[in-house]
Every structure is written in structure tokens, then in C-alpha cells.
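Source file final-v5.cif; content: mmCIF, N, CA and C atoms.
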```
data_start
loop_
_atom_site.label_atom_id
_atom_site.label_comp_id
_atom_site.auth_asym_id
_atom_site.auth_seq_id
_atom_site.Cartn_x
_atom_site.Cartn_y
_atom_site.Cartn_z
N MET A 1 0.85 -1.18 0.00
CA MET A 1 0.00 0.00 0.00
C MET A 1 0.89 1.24 0.00
N LYS A 2 0.47 2.22 -0.80
CA LYS A 2 1.21 3.47 -0.79
C LYS A 2 0.24 4.62 -1.03
N ILE A 3 0.67 5.81 -0.62
CA ILE A 3 -0.12 7.03 -0.83
C ILE A 3 0.45 7.74 -2.06
N ILE A 4 -0.45 8.05 -3.00
CA ILE A 4 -0.04 8.80 -4.18
C ILE A 4 -0.91 10.05 -4.31
N ASN A 5 -0.39 11.02 -5.04
CA ASN A 5 -1.09 12.26 -5.29
C ASN A 5 -1.69 12.20 -6.70
N TYR A 6 -2.99 12.35 -6.78
CA TYR A 6 -3.70 12.29 -8.06
C TYR A 6 -3.11 13.27 -9.08
N SER A 7 -2.79 14.47 -8.66
CA SER A 7 -2.32 15.50 -9.60
C SER A 7 -0.96 15.16 -10.21
N GLU A 8 -0.22 14.26 -9.61
CA GLU A 8 1.10 13.89 -10.12
C GLU A 8 1.05 12.70 -11.08
N GLN A 9 -0.15 12.24 -11.40
CA GLN A 9 -0.31 11.07 -12.25
C GLN A 9 -0.44 11.47 -13.72
N THR A 10 -0.19 10.52 -14.62
CA THR A 10 -0.39 10.76 -16.05
C THR A 10 -1.89 10.88 -16.31
N GLU A 11 -2.26 11.41 -17.46
CA GLU A 11 -3.68 11.55 -17.80
C GLU A 11 -4.36 10.18 -17.84
N THR A 12 -3.68 9.18 -18.33
CA THR A 12 -4.24 7.82 -18.37
C THR A 12 -4.48 7.30 -16.96
N ASP A 13 -3.52 7.51 -16.07
CA ASP A 13 -3.67 7.06 -14.69
C ASP A 13 -4.76 7.85 -13.97
N LYS A 14 -4.85 9.15 -14.24
CA LYS A 14 -5.92 9.96 -13.63
C LYS A 14 -7.29 9.41 -14.01
N ALA A 15 -7.45 9.05 -15.28
CA ALA A 15 -8.73 8.48 -15.73
C ALA A 15 -9.03 7.19 -14.96
N HIS A 16 -8.00 6.37 -14.77
CA HIS A 16 -8.18 5.13 -14.00
C HIS A 16 -8.61 5.42 -12.57
N TRP A 17 -7.94 6.36 -11.90
CA TRP A 17 -8.26 6.66 -10.51
C TRP A 17 -9.63 7.31 -10.37
N ARG A 18 -10.03 8.12 -11.35
CA ARG A 18 -11.40 8.67 -11.32
C ARG A 18 -12.42 7.54 -11.36
N GLU A 19 -12.20 6.58 -12.23
CA GLU A 19 -13.13 5.45 -12.33
C GLU A 19 -13.16 4.65 -11.02
N GLU A 20 -12.02 4.51 -10.39
CA GLU A 20 -11.96 3.83 -9.10
C GLU A 20 -12.77 4.61 -8.04
N ILE A 21 -12.61 5.93 -8.01
CA ILE A 21 -13.37 6.76 -7.07
C ILE A 21 -14.86 6.60 -7.31
N GLN A 22 -15.25 6.54 -8.57
CA GLN A 22 -16.67 6.44 -8.91
C GLN A 22 -17.29 5.13 -8.41
N LYS A 23 -16.50 4.12 -8.16
CA LYS A 23 -17.00 2.83 -7.67
C LYS A 23 -17.45 2.89 -6.22
N ALA A 24 -17.07 3.92 -5.49
CA ALA A 24 -17.43 4.03 -4.08
C ALA A 24 -18.94 4.15 -3.93
N ASP A 25 -19.48 3.53 -2.88
CA ASP A 25 -20.92 3.53 -2.63
C ASP A 25 -21.33 4.70 -1.73
N TRP A 26 -20.86 5.89 -2.06
CA TRP A 26 -21.08 7.08 -1.24
C TRP A 26 -21.31 8.25 -2.17
N GLY A 27 -22.38 9.00 -1.94
CA GLY A 27 -22.74 10.11 -2.80
C GLY A 27 -21.66 11.15 -2.96
N ALA A 28 -20.93 11.45 -1.88
CA ALA A 28 -19.87 12.45 -1.95
C ALA A 28 -18.73 11.98 -2.87
N ALA A 29 -18.49 10.68 -2.92
CA ALA A 29 -17.47 10.16 -3.82
C ALA A 29 -17.88 10.36 -5.28
N LYS A 30 -19.17 10.19 -5.54
CA LYS A 30 -19.69 10.42 -6.90
C LYS A 30 -19.50 11.90 -7.27
N TYR A 31 -19.72 12.77 -6.29
CA TYR A 31 -19.54 14.21 -6.52
C TYR A 31 -18.06 14.52 -6.78
N LEU A 32 -17.16 13.93 -6.00
CA LEU A 32 -15.73 14.12 -6.23
C LEU A 32 -15.35 13.63 -7.63
N TYR A 33 -15.88 12.48 -8.02
CA TYR A 33 -15.63 11.96 -9.36
C TYR A 33 -16.04 13.00 -10.41
N THR A 34 -17.22 13.58 -10.26
CA THR A 34 -17.71 14.58 -11.20
C THR A 34 -16.79 15.79 -11.23
N LEU A 35 -16.41 16.29 -10.05
CA LEU A 35 -15.50 17.44 -10.00
C LEU A 35 -14.18 17.15 -10.72
N LEU A 36 -13.64 15.96 -10.51
CA LEU A 36 -12.39 15.60 -11.16
C LEU A 36 -12.59 15.39 -12.66
N ASN A 37 -13.65 14.71 -13.02
CA ASN A 37 -13.91 14.40 -14.42
C ASN A 37 -14.16 15.66 -15.24
N GLU A 38 -14.80 16.66 -14.62
CA GLU A 38 -15.09 17.92 -15.30
C GLU A 38 -14.02 18.98 -15.03
N ASN A 39 -12.95 18.57 -14.36
CA ASN A 39 -11.84 19.47 -14.02
C ASN A 39 -12.32 20.72 -13.28
N ARG A 40 -13.20 20.51 -12.26
CA ARG A 40 -13.78 21.61 -11.50
C ARG A 40 -13.42 21.59 -10.02
N LEU A 41 -12.51 20.74 -9.60
CA LEU A 41 -12.18 20.65 -8.18
C LEU A 41 -11.63 21.97 -7.65
N ILE A 42 -10.71 22.57 -8.37
CA ILE A 42 -10.13 23.84 -7.90
C ILE A 42 -11.18 24.93 -7.87
N GLU A 43 -12.07 24.94 -8.86
CA GLU A 43 -13.15 25.92 -8.89
C GLU A 43 -14.02 25.82 -7.63
N MET A 44 -14.29 24.59 -7.19
CA MET A 44 -15.18 24.38 -6.04
C MET A 44 -14.45 24.42 -4.70
N CYS A 45 -13.20 23.98 -4.66
CA CYS A 45 -12.51 23.81 -3.39
C CYS A 45 -11.22 24.61 -3.27
N GLY A 46 -10.90 25.42 -4.25
CA GLY A 46 -9.63 26.13 -4.21
C GLY A 46 -8.48 25.18 -4.46
N GLN A 47 -7.27 25.64 -4.15
CA GLN A 47 -6.10 24.78 -4.33
C GLN A 47 -6.32 23.48 -3.59
N SER A 48 -6.22 22.37 -4.29
CA SER A 48 -6.59 21.08 -3.72
C SER A 48 -5.64 19.97 -4.13
N GLU A 49 -5.52 19.00 -3.26
CA GLU A 49 -4.80 17.76 -3.56
C GLU A 49 -5.76 16.61 -3.30
N VAL A 50 -5.73 15.63 -4.17
CA VAL A 50 -6.48 14.39 -3.95
C VAL A 50 -5.44 13.33 -3.66
N LEU A 51 -5.55 12.74 -2.49
CA LEU A 51 -4.58 11.75 -2.04
C LEU A 51 -5.24 10.38 -2.04
N LEU A 52 -4.51 9.40 -2.55
CA LEU A 52 -5.05 8.06 -2.74
C LEU A 52 -4.17 7.02 -2.07
N VAL A 53 -4.78 6.11 -1.33
CA VAL A 53 -4.06 4.93 -0.86
C VAL A 53 -4.35 3.85 -1.89
N THR A 54 -3.29 3.32 -2.47
CA THR A 54 -3.46 2.33 -3.53
C THR A 54 -2.76 1.03 -3.19
N ASP A 55 -3.29 -0.03 -3.77
CA ASP A 55 -2.67 -1.34 -3.73
C ASP A 55 -2.51 -1.74 -5.20
N GLU A 56 -1.34 -1.45 -5.75
CA GLU A 56 -1.10 -1.59 -7.19
C GLU A 56 -2.10 -0.68 -7.93
N HIS A 57 -3.02 -1.27 -8.69
CA HIS A 57 -3.97 -0.47 -9.47
C HIS A 57 -5.36 -0.43 -8.82
N LYS A 58 -5.43 -0.85 -7.58
CA LYS A 58 -6.71 -0.85 -6.87
C LYS A 58 -6.73 0.29 -5.86
N LEU A 59 -7.82 1.03 -5.84
CA LEU A 59 -7.97 2.13 -4.89
C LEU A 59 -8.49 1.58 -3.57
N VAL A 60 -7.82 1.93 -2.49
CA VAL A 60 -8.16 1.45 -1.15
C VAL A 60 -8.88 2.54 -0.37
N SER A 61 -8.36 3.76 -0.42
CA SER A 61 -8.89 4.87 0.38
C SER A 61 -8.49 6.17 -0.30
N PHE A 62 -9.25 7.26 -0.02
CA PHE A 62 -8.91 8.54 -0.61
C PHE A 62 -9.44 9.68 0.24
N CYS A 63 -8.89 10.87 -0.01
CA CYS A 63 -9.38 12.09 0.63
C CYS A 63 -8.82 13.29 -0.14
N THR A 64 -9.28 14.46 0.23
CA THR A 64 -8.75 15.69 -0.35
C THR A 64 -8.14 16.54 0.76
N LEU A 65 -7.24 17.38 0.37
CA LEU A 65 -6.70 18.44 1.23
C LEU A 65 -6.88 19.71 0.41
N ALA A 66 -7.75 20.62 0.87
CA ALA A 66 -8.15 21.75 0.03
C ALA A 66 -8.26 23.03 0.84
N GLU A 67 -8.21 24.15 0.11
CA GLU A 67 -8.36 25.46 0.74
C GLU A 67 -9.74 25.65 1.35
N GLN A 68 -10.76 25.08 0.73
CA GLN A 68 -12.10 25.20 1.29
C GLN A 68 -12.85 23.90 1.10
N ASP A 69 -13.88 23.75 1.89
CA ASP A 69 -14.71 22.55 1.82
C ASP A 69 -16.14 23.04 1.72
N GLU A 70 -17.04 22.34 2.33
CA GLU A 70 -18.45 22.74 2.29
C GLU A 70 -18.75 23.91 3.22
N VAL A 71 -17.78 24.32 4.00
CA VAL A 71 -17.89 25.49 4.87
C VAL A 71 -16.95 26.56 4.31
N ILE A 72 -17.49 27.72 4.03
CA ILE A 72 -16.67 28.80 3.48
C ILE A 72 -16.31 29.76 4.61
N ASP A 73 -15.03 29.76 4.98
CA ASP A 73 -14.55 30.63 6.04
C ASP A 73 -13.07 30.89 5.78
N GLU A 74 -12.74 32.08 5.38
CA GLU A 74 -11.36 32.43 5.03
C GLU A 74 -10.38 32.22 6.19
N ASN A 75 -10.88 32.20 7.42
CA ASN A 75 -10.01 32.02 8.58
C ASN A 75 -9.74 30.56 8.89
N MET A 76 -10.43 29.66 8.19
CA MET A 76 -10.27 28.23 8.43
C MET A 76 -9.81 27.55 7.15
N LYS A 77 -8.56 27.13 7.14
CA LYS A 77 -8.01 26.35 6.04
C LYS A 77 -6.65 25.81 6.41
N PRO A 78 -6.28 24.71 5.86
CA PRO A 78 -6.91 23.88 4.85
C PRO A 78 -7.91 22.89 5.46
N TRP A 79 -8.66 22.26 4.58
CA TRP A 79 -9.70 21.30 4.95
C TRP A 79 -9.36 19.91 4.42
N ILE A 80 -9.57 18.92 5.25
CA ILE A 80 -9.53 17.53 4.78
C ILE A 80 -10.98 17.18 4.45
N GLY A 81 -11.19 16.62 3.28
CA GLY A 81 -12.54 16.28 2.87
C GLY A 81 -12.58 14.99 2.08
N PHE A 82 -13.80 14.57 1.78
CA PHE A 82 -14.04 13.38 0.96
C PHE A 82 -13.29 12.15 1.49
N VAL A 83 -13.23 11.99 2.80
CA VAL A 83 -12.50 10.86 3.39
C VAL A 83 -13.32 9.58 3.21
N TYR A 84 -12.72 8.60 2.55
CA TYR A 84 -13.45 7.36 2.27
C TYR A 84 -12.47 6.19 2.16
N THR A 85 -12.87 5.06 2.75
CA THR A 85 -12.14 3.80 2.59
C THR A 85 -13.14 2.76 2.11
N PHE A 86 -12.77 2.03 1.08
CA PHE A 86 -13.64 0.98 0.56
C PHE A 86 -13.87 -0.08 1.64
N GLU A 87 -15.09 -0.58 1.66
CA GLU A 87 -15.54 -1.47 2.74
C GLU A 87 -14.59 -2.64 3.00
N GLU A 88 -14.09 -3.26 1.96
CA GLU A 88 -13.24 -4.44 2.15
C GLU A 88 -11.88 -4.09 2.78
N HIS A 89 -11.57 -2.80 2.89
CA HIS A 89 -10.29 -2.38 3.47
C HIS A 89 -10.45 -1.68 4.81
N ARG A 90 -11.68 -1.57 5.29
CA ARG A 90 -11.90 -0.87 6.55
C ARG A 90 -11.33 -1.67 7.72
N GLY A 91 -10.97 -0.95 8.77
CA GLY A 91 -10.39 -1.58 9.95
C GLY A 91 -8.88 -1.66 9.92
N ASN A 92 -8.28 -1.14 8.86
CA ASN A 92 -6.82 -1.18 8.72
C ASN A 92 -6.17 0.19 8.89
N ARG A 93 -6.94 1.17 9.31
CA ARG A 93 -6.47 2.53 9.59
C ARG A 93 -5.95 3.28 8.37
N TYR A 94 -6.48 2.98 7.20
CA TYR A 94 -6.06 3.71 6.00
C TYR A 94 -6.51 5.16 6.05
N SER A 95 -7.70 5.41 6.57
CA SER A 95 -8.16 6.80 6.72
C SER A 95 -7.23 7.56 7.65
N GLN A 96 -6.83 6.93 8.73
CA GLN A 96 -5.92 7.59 9.66
C GLN A 96 -4.59 7.91 8.98
N LYS A 97 -4.09 6.98 8.17
CA LYS A 97 -2.83 7.23 7.46
C LYS A 97 -2.97 8.43 6.53
N LEU A 98 -4.11 8.53 5.82
CA LEU A 98 -4.34 9.67 4.94
C LEU A 98 -4.45 10.97 5.73
N ILE A 99 -5.20 10.93 6.82
CA ILE A 99 -5.37 12.13 7.64
C ILE A 99 -4.03 12.58 8.21
N ASP A 100 -3.25 11.65 8.72
CA ASP A 100 -1.92 12.00 9.24
C ASP A 100 -1.05 12.58 8.13
N TYR A 101 -1.13 12.01 6.94
CA TYR A 101 -0.36 12.50 5.80
C TYR A 101 -0.77 13.93 5.45
N CYS A 102 -2.08 14.18 5.44
CA CYS A 102 -2.60 15.53 5.17
C CYS A 102 -2.12 16.52 6.23
N CYS A 103 -2.16 16.12 7.47
CA CYS A 103 -1.71 17.00 8.55
C CYS A 103 -0.23 17.32 8.40
N GLU A 104 0.55 16.35 7.98
CA GLU A 104 1.98 16.59 7.76
C GLU A 104 2.20 17.55 6.59
N LEU A 105 1.45 17.37 5.51
CA LEU A 105 1.55 18.30 4.38
C LEU A 105 1.18 19.72 4.82
N ALA A 106 0.15 19.85 5.62
CA ALA A 106 -0.28 21.17 6.11
C ALA A 106 0.80 21.78 7.01
N ARG A 107 1.40 20.98 7.87
CA ARG A 107 2.48 21.49 8.73
C ARG A 107 3.66 21.98 7.89
N LYS A 108 4.01 21.22 6.86
CA LYS A 108 5.12 21.63 5.97
C LYS A 108 4.79 22.92 5.24
N ALA A 109 3.50 23.17 5.01
CA ALA A 109 3.06 24.41 4.36
C ALA A 109 2.85 25.53 5.37
N LYS A 110 3.28 25.29 6.61
CA LYS A 110 3.21 26.29 7.69
C LYS A 110 1.78 26.64 8.11
N CYS A 111 0.85 25.70 7.94
CA CYS A 111 -0.53 25.90 8.40
C CYS A 111 -0.60 25.59 9.89
N LYS A 112 -1.26 26.43 10.62
CA LYS A 112 -1.38 26.26 12.06
C LYS A 112 -2.35 25.14 12.42
N ASN A 113 -3.47 25.07 11.70
CA ASN A 113 -4.50 24.07 11.97
C ASN A 113 -4.94 23.40 10.68
N VAL A 114 -5.61 22.28 10.83
CA VAL A 114 -6.26 21.57 9.73
C VAL A 114 -7.68 21.32 10.19
N TYR A 115 -8.65 21.42 9.25
CA TYR A 115 -10.06 21.35 9.60
C TYR A 115 -10.76 20.21 8.88
N ILE A 116 -11.80 19.70 9.53
CA ILE A 116 -12.69 18.69 8.95
C ILE A 116 -14.11 19.07 9.30
N SER A 117 -14.98 19.01 8.30
CA SER A 117 -16.41 19.24 8.51
C SER A 117 -17.13 17.90 8.42
N SER A 118 -17.85 17.54 9.48
CA SER A 118 -18.51 16.24 9.50
C SER A 118 -19.63 16.23 10.52
N ASP A 119 -20.67 15.48 10.22
CA ASP A 119 -21.73 15.29 11.20
C ASP A 119 -21.52 14.02 12.02
N HIS A 120 -20.40 13.33 11.80
CA HIS A 120 -20.08 12.12 12.56
C HIS A 120 -19.44 12.50 13.89
N ILE A 121 -20.16 12.31 14.96
CA ILE A 121 -19.66 12.65 16.29
C ILE A 121 -18.72 11.55 16.77
N GLY A 122 -17.52 11.95 17.16
CA GLY A 122 -16.55 11.01 17.72
C GLY A 122 -15.61 10.38 16.70
N LEU A 123 -15.97 10.43 15.43
CA LEU A 123 -15.14 9.78 14.41
C LEU A 123 -13.77 10.43 14.28
N TYR A 124 -13.73 11.73 14.05
CA TYR A 124 -12.46 12.40 13.84
C TYR A 124 -11.76 12.77 15.14
N GLU A 125 -12.49 12.75 16.24
CA GLU A 125 -11.86 12.98 17.55
C GLU A 125 -10.82 11.90 17.84
N LYS A 126 -11.06 10.68 17.35
CA LYS A 126 -10.09 9.61 17.60
C LYS A 126 -8.79 9.82 16.83
N TYR A 127 -8.81 10.77 15.87
CA TYR A 127 -7.60 11.13 15.13
C TYR A 127 -6.97 12.41 15.66
N GLY A 128 -7.46 12.90 16.81
CA GLY A 128 -6.87 14.07 17.43
C GLY A 128 -7.56 15.38 17.14
N PHE A 129 -8.67 15.36 16.41
CA PHE A 129 -9.41 16.58 16.12
C PHE A 129 -10.33 16.92 17.29
N VAL A 130 -10.60 18.20 17.46
CA VAL A 130 -11.52 18.65 18.51
C VAL A 130 -12.63 19.46 17.86
N PHE A 131 -13.84 19.29 18.39
CA PHE A 131 -14.99 20.03 17.89
C PHE A 131 -14.79 21.50 18.21
N ILE A 132 -15.08 22.39 17.24
CA ILE A 132 -14.95 23.82 17.51
C ILE A 132 -16.28 24.57 17.37
N LYS A 133 -17.12 24.19 16.39
CA LYS A 133 -18.40 24.88 16.25
C LYS A 133 -19.24 24.24 15.15
N HIS A 134 -20.53 24.53 15.19
CA HIS A 134 -21.44 24.17 14.11
C HIS A 134 -21.54 25.35 13.15
N THR A 135 -21.59 25.07 11.87
CA THR A 135 -21.80 26.11 10.87
C THR A 135 -22.76 25.58 9.81
N THR A 136 -23.24 26.48 8.99
CA THR A 136 -24.09 26.10 7.87
C THR A 136 -23.20 25.91 6.65
N THR A 137 -23.41 24.81 5.96
CA THR A 137 -22.61 24.49 4.78
C THR A 137 -23.15 25.23 3.55
N VAL A 138 -22.42 25.15 2.46
CA VAL A 138 -22.88 25.75 1.21
C VAL A 138 -24.16 25.08 0.73
N TRP A 139 -24.47 23.92 1.28
CA TRP A 139 -25.69 23.18 0.91
C TRP A 139 -26.84 23.53 1.85
N GLY A 140 -26.59 24.43 2.83
CA GLY A 140 -27.64 24.82 3.77
C GLY A 140 -27.83 23.86 4.93
N GLU A 141 -26.91 22.93 5.13
CA GLU A 141 -27.00 21.96 6.21
C GLU A 141 -26.18 22.42 7.41
N ASN A 142 -26.60 22.02 8.59
CA ASN A 142 -25.86 22.31 9.82
C ASN A 142 -24.79 21.22 9.99
N GLN A 143 -23.54 21.64 10.12
CA GLN A 143 -22.44 20.69 10.16
C GLN A 143 -21.48 21.03 11.29
N GLY A 144 -20.96 20.00 11.93
CA GLY A 144 -19.97 20.20 12.97
C GLY A 144 -18.58 20.35 12.37
N ASN A 145 -17.81 21.28 12.88
CA ASN A 145 -16.45 21.49 12.39
C ASN A 145 -15.45 21.14 13.47
N ARG A 146 -14.38 20.52 13.04
CA ARG A 146 -13.33 20.09 13.94
C ARG A 146 -11.99 20.59 13.42
N MET A 147 -11.06 20.75 14.35
CA MET A 147 -9.72 21.16 13.93
C MET A 147 -8.67 20.38 14.70
N LYS A 148 -7.51 20.32 14.12
CA LYS A 148 -6.36 19.66 14.74
C LYS A 148 -5.20 20.60 14.59
#
```
In C-alpha cells, what does this structure look like?
Amino acid sequence: MKIINYSEQTETDKAHWREEIQKADWGAAKYLYTLLNENRLIEMCGQSEVLLVTDEHKLVSFCTLAEQDEVIDENMKPWIGFVYTFEEHRGNRYSQKLIDYCCELARKAKCKNVYISSDHIGLYEKYGFVFIKHTTTVWGENQGNRMK
């Protein structure tokens, strides 16, 4: 297993990884697929990286590290988003590896904090994040925000 950056891949490999993302049984993954396929991720999320845990040519887990997420707040960035691990790979801490990798990238970029927006209570706290506040998302939903 290794972590790769989608943006550093060839166009052929990017097409393969988009198709792998589209296989996820989660609506947000389908949305990420659309953003990547239509080359609109930066338009929607600002400067962004898509990080993938791969096993050869199979996608295991993925997430984004972006300037903005579903919460627009210039004082809060970067955001980890679209965190997903395929069911057959769950329980192996791949999400944690991605989150830790994102936090390290943010530290290297001199970011003081990293943020996650999620309605899952307790999920990201186990990775060291703390709840900071509820906000309304761009979709009009109430969402809990956490930072590390």
C-alpha cells in the first residue's frame, strides 16, 4: 500500500483513478468523481490535492486536502474532505494514514490548523481533532467542524 497524489499522475492514470473513485458507494465520492472528471475541483474547493491509498492499481482509500470545503470561512483552512475507505479495506487505519499524511503536508506548508467538517460525532476525535463549532454548509445543512 502506498499514498499517491492524483495530480502527479499521467492523464491515463488519472482516468483510471477517477473510475476507481466512482466505484465508491457514497454520494460524496460520486460528486468528487464529477468534479475531477469535469476538471472543476479547484473551482469548487480552491487549491486542492487528492490523495489516494493504492494497492497496485486498486484504490483502497482517498481524501482531499483543500483550501475550502463545504464550509466557506477564510479564517479556516486547509480542509480535509471526501474521506473514504472501501468497505473491504476498513479496519486497517487507512483513513488515519491519509489524515496523518494531510496534517503533515499542512504542517510543511506552515498551516497552524487543519479542519474537517462532519456530522459524525466522535469519528475524527479519535484522530486528534476537537470540535470547535457548528456552521451552515454551502448546501444549507448544519455541520460540525473540527480542527487539529
(request) Considering only C-alpha atoms, state which residue in the set A:Val60, A:Ala29, A:Thr12, A:Lys133 is at the smallest distance from Arg90 in chain A. (result)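 Of the candidates, the smallest distance to Arg90 in chain A is held by A:Val60.
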(message) Set the distance at 6 Å and use only C-alpha atoms: which residues neighbour range 40-53 of chain A once local chain neighbours fewer than 4 positions away are removed? I'd like the list as a PyMOL selection string.
(response) chain A and resi 2-6+35-36+60-69
(request) Return the single residue from A:Glu11, A:Leu32, A:Leu105, A:Asp25 that is closest to Glu87 in chain A, with distances computed using all atoms listed in the file. (result)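 Result for the nearest residue to Glu87 in chain A: A:Asp25.
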(message) DSSP on the backbone, helix (DSSP H, G or I) only: what residues of chain A does that give? Format it as a PyMOL selection string.
(response) chain A and resi 6-8+11-22+27-37+41-45+87-89+94-108+124-127
Taking N, CA and C atoms for each residue, export the selection above as a compact mmCIF listing (two decimals), keeping the file's coordinate frame.
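Dumped to part_5.txt:
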```
# COMPACT_ATOMS: atom_id res chain seq x y z
N TYR A 6 -2.99 12.35 -6.78
CA TYR A 6 -3.70 12.29 -8.06
C TYR A 6 -3.11 13.27 -9.08
N SER A 7 -2.79 14.47 -8.66
CA SER A 7 -2.32 15.50 -9.60
C SER A 7 -0.96 15.16 -10.21
N GLU A 8 -0.22 14.26 -9.61
CA GLU A 8 1.10 13.89 -10.12
C GLU A 8 1.05 12.70 -11.08
N GLU A 11 -2.26 11.41 -17.46
CA GLU A 11 -3.68 11.55 -17.80
C GLU A 11 -4.36 10.18 -17.84
N THR A 12 -3.68 9.18 -18.33
CA THR A 12 -4.24 7.82 -18.37
C THR A 12 -4.48 7.30 -16.96
N ASP A 13 -3.52 7.51 -16.07
CA ASP A 13 -3.67 7.06 -14.69
C ASP A 13 -4.76 7.85 -13.97
N LYS A 14 -4.85 9.15 -14.24
CA LYS A 14 -5.92 9.96 -13.63
C LYS A 14 -7.29 9.41 -14.01
N ALA A 15 -7.45 9.05 -15.28
CA ALA A 15 -8.73 8.48 -15.73
C ALA A 15 -9.03 7.19 -14.96
N HIS A 16 -8.00 6.37 -14.77
CA HIS A 16 -8.18 5.13 -14.00
C HIS A 16 -8.61 5.42 -12.57
N TRP A 17 -7.94 6.36 -11.90
CA TRP A 17 -8.26 6.66 -10.51
C TRP A 17 -9.63 7.31 -10.37
N ARG A 18 -10.03 8.12 -11.35
CA ARG A 18 -11.40 8.67 -11.32
C ARG A 18 -12.42 7.54 -11.36
N GLU A 19 -12.20 6.58 -12.23
CA GLU A 19 -13.13 5.45 -12.33
C GLU A 19 -13.16 4.65 -11.02
N GLU A 20 -12.02 4.51 -10.39
CA GLU A 20 -11.96 3.83 -9.10
C GLU A 20 -12.77 4.61 -8.04
N ILE A 21 -12.61 5.93 -8.01
CA ILE A 21 -13.37 6.76 -7.07
C ILE A 21 -14.86 6.60 -7.31
N GLN A 22 -15.25 6.54 -8.57
CA GLN A 22 -16.67 6.44 -8.91
C GLN A 22 -17.29 5.13 -8.41
N GLY A 27 -22.38 9.00 -1.94
CA GLY A 27 -22.74 10.11 -2.80
C GLY A 27 -21.66 11.15 -2.96
N ALA A 28 -20.93 11.45 -1.88
CA ALA A 28 -19.87 12.45 -1.95
C ALA A 28 -18.73 11.98 -2.87
N ALA A 29 -18.49 10.68 -2.92
CA ALA A 29 -17.47 10.16 -3.82
C ALA A 29 -17.88 10.36 -5.28
N LYS A 30 -19.17 10.19 -5.54
CA LYS A 30 -19.69 10.42 -6.90
C LYS A 30 -19.50 11.90 -7.27
N TYR A 31 -19.72 12.77 -6.29
CA TYR A 31 -19.54 14.21 -6.52
C TYR A 31 -18.06 14.52 -6.78
N LEU A 32 -17.16 13.93 -6.00
CA LEU A 32 -15.73 14.12 -6.23
C LEU A 32 -15.35 13.63 -7.63
N TYR A 33 -15.88 12.48 -8.02
CA TYR A 33 -15.63 11.96 -9.36
C TYR A 33 -16.04 13.00 -10.41
N THR A 34 -17.22 13.58 -10.26
CA THR A 34 -17.71 14.58 -11.20
C THR A 34 -16.79 15.79 -11.23
N LEU A 35 -16.41 16.29 -10.05
CA LEU A 35 -15.50 17.44 -10.00
C LEU A 35 -14.18 17.15 -10.72
N LEU A 36 -13.64 15.96 -10.51
CA LEU A 36 -12.39 15.60 -11.16
C LEU A 36 -12.59 15.39 -12.66
N ASN A 37 -13.65 14.71 -13.02
CA ASN A 37 -13.91 14.40 -14.42
C ASN A 37 -14.16 15.66 -15.24
N LEU A 41 -12.51 20.74 -9.60
CA LEU A 41 -12.18 20.65 -8.18
C LEU A 41 -11.63 21.97 -7.65
N ILE A 42 -10.71 22.57 -8.37
CA ILE A 42 -10.13 23.84 -7.90
C ILE A 42 -11.18 24.93 -7.87
N GLU A 43 -12.07 24.94 -8.86
CA GLU A 43 -13.15 25.92 -8.89
C GLU A 43 -14.02 25.82 -7.63
N MET A 44 -14.29 24.59 -7.19
CA MET A 44 -15.18 24.38 -6.04
C MET A 44 -14.45 24.42 -4.70
N CYS A 45 -13.20 23.98 -4.66
CA CYS A 45 -12.51 23.81 -3.39
C CYS A 45 -11.22 24.61 -3.27
N GLU A 87 -15.09 -0.58 1.66
CA GLU A 87 -15.54 -1.47 2.74
C GLU A 87 -14.59 -2.64 3.00
N GLU A 88 -14.09 -3.26 1.96
CA GLU A 88 -13.24 -4.44 2.15
C GLU A 88 -11.88 -4.09 2.78
N HIS A 89 -11.57 -2.80 2.89
CA HIS A 89 -10.29 -2.38 3.47
C HIS A 89 -10.45 -1.68 4.81
N TYR A 94 -6.48 2.98 7.20
CA TYR A 94 -6.06 3.71 6.00
C TYR A 94 -6.51 5.16 6.05
N SER A 95 -7.70 5.41 6.57
CA SER A 95 -8.16 6.80 6.72
C SER A 95 -7.23 7.56 7.65
N GLN A 96 -6.83 6.93 8.73
CA GLN A 96 -5.92 7.59 9.66
C GLN A 96 -4.59 7.91 8.98
N LYS A 97 -4.09 6.98 8.17
CA LYS A 97 -2.83 7.23 7.46
C LYS A 97 -2.97 8.43 6.53
N LEU A 98 -4.11 8.53 5.82
CA LEU A 98 -4.34 9.67 4.94
C LEU A 98 -4.45 10.97 5.73
N ILE A 99 -5.20 10.93 6.82
CA ILE A 99 -5.37 12.13 7.64
C ILE A 99 -4.03 12.58 8.21
N ASP A 100 -3.25 11.65 8.72
CA ASP A 100 -1.92 12.00 9.24
C ASP A 100 -1.05 12.58 8.13
N TYR A 101 -1.13 12.01 6.94
CA TYR A 101 -0.36 12.50 5.80
C TYR A 101 -0.77 13.93 5.45
N CYS A 102 -2.08 14.18 5.44
CA CYS A 102 -2.60 15.53 5.17
C CYS A 102 -2.12 16.52 6.23
N CYS A 103 -2.16 16.12 7.47
CA CYS A 103 -1.71 17.00 8.55
C CYS A 103 -0.23 17.32 8.40
N GLU A 104 0.55 16.35 7.98
CA GLU A 104 1.98 16.59 7.76
C GLU A 104 2.20 17.55 6.59
N LEU A 105 1.45 17.37 5.51
CA LEU A 105 1.55 18.30 4.38
C LEU A 105 1.18 19.72 4.82
N ALA A 106 0.15 19.85 5.62
CA ALA A 106 -0.28 21.17 6.11
C ALA A 106 0.80 21.78 7.01
N ARG A 107 1.40 20.98 7.87
CA ARG A 107 2.48 21.49 8.73
C ARG A 107 3.66 21.98 7.89
N LYS A 108 4.01 21.22 6.86
CA LYS A 108 5.12 21.63 5.97
C LYS A 108 4.79 22.92 5.24
N TYR A 124 -13.73 11.73 14.05
CA TYR A 124 -12.46 12.40 13.84
C TYR A 124 -11.76 12.77 15.14
N GLU A 125 -12.49 12.75 16.24
CA GLU A 125 -11.86 12.98 17.55
C GLU A 125 -10.82 11.90 17.84
N LYS A 126 -11.06 10.68 17.35
CA LYS A 126 -10.09 9.61 17.60
C LYS A 126 -8.79 9.82 16.83
N TYR A 127 -8.81 10.77 15.87
CA TYR A 127 -7.60 11.13 15.13
C TYR A 127 -6.97 12.41 15.66
```
(request) Looking only at strand (DSSP E or B) from DSSP on the backbone, list the matching residues of range 45-148 of chain A as an MDAnalysis selection string. (result) chainID A and resid 48:55 58:66 79:85 115:118 130:136 142:147
(message) Between A:Gly140, A:Thr135, A:Thr85, A:Val130, which residue has the minimum interatomic distance to Lys97 in chain A, considering only C-alpha atoms?
(response) A:Thr85
(request) Quick one: pull the distance between CA of Thr54 in chain A and atom C of Lys14 in chain A, Å, one decimal. (result) 13.2 Å
(message) As an exercise, work out the distance from CA of His16 in chain A to atom N of Asn37 in chain A in Å and give it to one decimal place.
(response)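 Taking CA of His16 in chain A as the start and atom N of Asn37 in chain A as the end point, the length is 11.1 Å.
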